[in-house]
Amino acid sequence: MALKGTNQEFGRPYNRRIVLESVRLNSPTTRGEIAARVGLTVQTVSTIVRELEEQNYLVSFRENPKGRGLPPSLLRLNSEGGFAIGVHLTPLGIAAALVDLSGNVVASRRRALTNASPDSAFRILGTILPGLLAARPEGRMLGIGMALPGPFGVESMSFVGPTTMAGWENVTIRERLAEITGLPSFLETDMAAAALGEQLYGLGKRYSEYYYLYFGVGLGGALVHEGRVIRGAGGNAGEIGHMPVVPGGEPCPCGNRGCLERYVSLDAWRRSGQSEADWLQTVAPIFRNTIATIENLFDPQTVVLGGLASASVLDGLARLEAGLPNTVAARRGREAPRIIVSHGGEHAVLRGAAALAVSSVLSPRFGLMFAGEPDVLDGGLAA
Ligand SMILES: [Zn+2]
């Protein structure tokens, strides 16, 4: 569903993002097609496109003529028009990547580090981030985003247990990232970041209503509605892993028993000591009920499996679709499978973390400039 432009005076930054998003989702495309899609005149679109070309966000090109006449001028995003750094912190280590405007990972670094303390993590970042920025010394750097396991700000659930980062409460993460890089800094739970990356660079080009089930060390999830990641009142909407599924079941560090991620997560698999095939068989009933619950709650186009789990684990879970219970998903005219796998792996989260910084440039769905505020599109932040 394309967003529509506006003729209001304050709408110029909005219209520029509308045009950028239209190019990103439909590339390559023409000025006329954009105008029809977003409801602006071709003249307005052409003016905006000229500005965006001057700022190196867009590139126009022509295909080789096939018959008589000049082929139409086509537009695509300029991948090198801007960059952002994504950082992903897990109980197993730290990874960071320089990502371009199209979501390509230009350079990346990784350090294995069990339950990194804030000081050791920022010491490592202090050594690897300058190297990443140096991969594009002339590049326009839009910001740095960091993703780590949530939830944030919930006393009994945040920063406790094997699936979270102990010792990270009250750490001024954004300030410390900004100190190292001098860039605008963003922070998000890893599953919301992964879902944003998926929406911006992956399956979001085909789907706008889906549930993203994120296999980190624990289990998270995010509902994507009308192309936006739903974050909830406290930004913690994705804690599906703490949904109680087994009454009187295994104790969970959150204080409850029988939470979903005690059974369905990489941490649960590791604790089970089972082979992959045996574990998949063991968790199949709980996994299928989870999918059924998601479908009946949200009626999504599909449920996307992604995250840090290996492709074979994700594919194995997706094959459990065959035995799913009846839900509202069995509707007439259905197009997508009930479960699909996103094979982004670790890069999905890194791209998502970088997308926190890029999304305010690329789409009006994610970050809206207010009237009178300087627009980051007007020059960005030179490295
Ligand atoms: Zn729990």
# chains A, B, ... in the order shown; residues from 1 in each chain; ligands from 1

$ residues_near_ligand --ligand "ligand 1" --cutoff "9 Å" --atoms "only C-alpha atoms and all ligand atoms" --output "compact mmCIF listing (two decimals) with N, CA and C atoms, in the first residue's frame"
# COMPACT_ATOMS: atom_id res chain seq x y z
N MET A 157 12.20 -8.74 34.32
CA MET A 157 12.51 -9.41 33.05
C MET A 157 13.72 -8.87 32.32
N GLU A 239 7.83 -9.47 23.35
CA GLU A 239 8.28 -10.51 24.29
C GLU A 239 7.40 -11.75 24.27
N GLY A 241 8.32 -14.60 23.85
CA GLY A 241 9.04 -15.67 24.54
C GLY A 241 8.60 -15.87 25.98
N HIS A 242 8.00 -14.85 26.56
CA HIS A 242 7.52 -14.98 27.94
C HIS A 242 6.02 -15.22 28.01
N MET A 243 5.46 -15.64 26.87
CA MET A 243 4.05 -16.05 26.88
C MET A 243 3.97 -17.40 27.60
N PRO A 244 3.15 -17.51 28.65
CA PRO A 244 3.06 -18.79 29.35
C PRO A 244 2.38 -19.83 28.47
N PRO A 251 10.71 -23.45 35.22
CA PRO A 251 10.86 -22.09 35.75
C PRO A 251 11.64 -21.21 34.77
N CYS A 252 11.24 -19.95 34.67
CA CYS A 252 11.89 -19.00 33.77
C CYS A 252 12.52 -17.89 34.63
N PRO A 253 13.66 -17.34 34.19
CA PRO A 253 14.29 -16.24 34.96
C PRO A 253 13.35 -15.05 35.19
N CYS A 254 12.26 -14.95 34.43
CA CYS A 254 11.35 -13.82 34.62
C CYS A 254 10.49 -14.00 35.87
N GLY A 255 10.55 -15.20 36.50
CA GLY A 255 9.79 -15.43 37.72
C GLY A 255 8.56 -16.32 37.49
N ASN A 256 8.16 -16.52 36.24
CA ASN A 256 7.01 -17.36 35.94
C ASN A 256 7.47 -18.77 35.56
N ARG A 257 6.51 -19.61 35.28
CA ARG A 257 6.81 -20.98 34.83
C ARG A 257 6.22 -21.22 33.45
N GLY A 258 6.91 -22.08 32.70
CA GLY A 258 6.35 -22.54 31.44
C GLY A 258 6.34 -21.52 30.33
N CYS A 259 7.26 -20.54 30.37
CA CYS A 259 7.33 -19.54 29.29
C CYS A 259 7.77 -20.20 27.98
N LEU A 260 7.25 -19.68 26.87
CA LEU A 260 7.53 -20.23 25.54
C LEU A 260 9.03 -20.39 25.27
N GLU A 261 9.83 -19.38 25.62
CA GLU A 261 11.25 -19.47 25.23
C GLU A 261 12.03 -20.49 26.06
N ARG A 262 11.41 -21.03 27.13
CA ARG A 262 12.05 -22.14 27.85
C ARG A 262 12.02 -23.40 27.00

$ residues_around --residues "Arg351 (chain A)" --least-positions-apart "6" --cutoff "7 Å" --atoms "only C-alpha atoms" --output "PDB file with N, CA and C atoms, in the first residue's frame"
ATOM      1  N   GLY A  86      25.531  -0.647  12.142  1.00  0.00           N
ATOM      2  CA  GLY A  86      24.671  -1.456  12.988  1.00  0.00           C
ATOM      3  C   GLY A  86      25.523  -2.255  13.957  1.00  0.00           C
ATOM      4  N   VAL A  99      26.768  -0.474   6.831  1.00  0.00           N
ATOM      5  CA  VAL A  99      25.718  -0.871   5.905  1.00  0.00           C
ATOM      6  C   VAL A  99      25.392   0.309   4.992  1.00  0.00           C
ATOM      7  N   GLY A 103      21.109  -1.456   2.128  1.00  0.00           N
ATOM      8  CA  GLY A 103      21.147  -2.569   3.074  1.00  0.00           C
ATOM      9  C   GLY A 103      22.289  -3.537   2.842  1.00  0.00           C
ATOM     10  N   GLY A 197      14.724  -4.233   9.779  1.00  0.00           N
ATOM     11  CA  GLY A 197      15.614  -4.584   8.669  1.00  0.00           C
ATOM     12  C   GLY A 197      14.886  -5.414   7.618  1.00  0.00           C
TER      13      GLY A 197
END

$ atom_distance --atom1 "CA of Tyr14 (chain A)" --atom2 "CA of Val349 (chain A)"
26.8 Å

$ closest_residue --among "A:Asp267, A:Ser120, A:Glu250, A:Tyr207" --to "Pro337 (chain A)" --atoms "only C-alpha atoms"
A:Tyr207

$ closest_residue --among "A:Gly307, A:Gly69, A:Gly248, A:Gly227" --to "Ser265 (chain A)" --atoms "only C-alpha atoms"
A:Gly307

$ closest_residue --among "A:Asn170, A:Asn236, A:Ser272, A:Thr293" --to "Tyr211 (chain A)" --atoms "only C-alpha atoms"
A:Thr293

$ closest_residue --among "A:Ile173, A:Ala222, A:Ile230, A:Leu52" --to "Val87 (chain A)" --atoms "only C-alpha atoms"
A:Ile173

$ closest_residue --among "A:Arg110, A:Arg231, A:Arg174, A:Ser22" --to "Ile124 (chain A)" --atoms "only C-alpha atoms"
A:Arg110
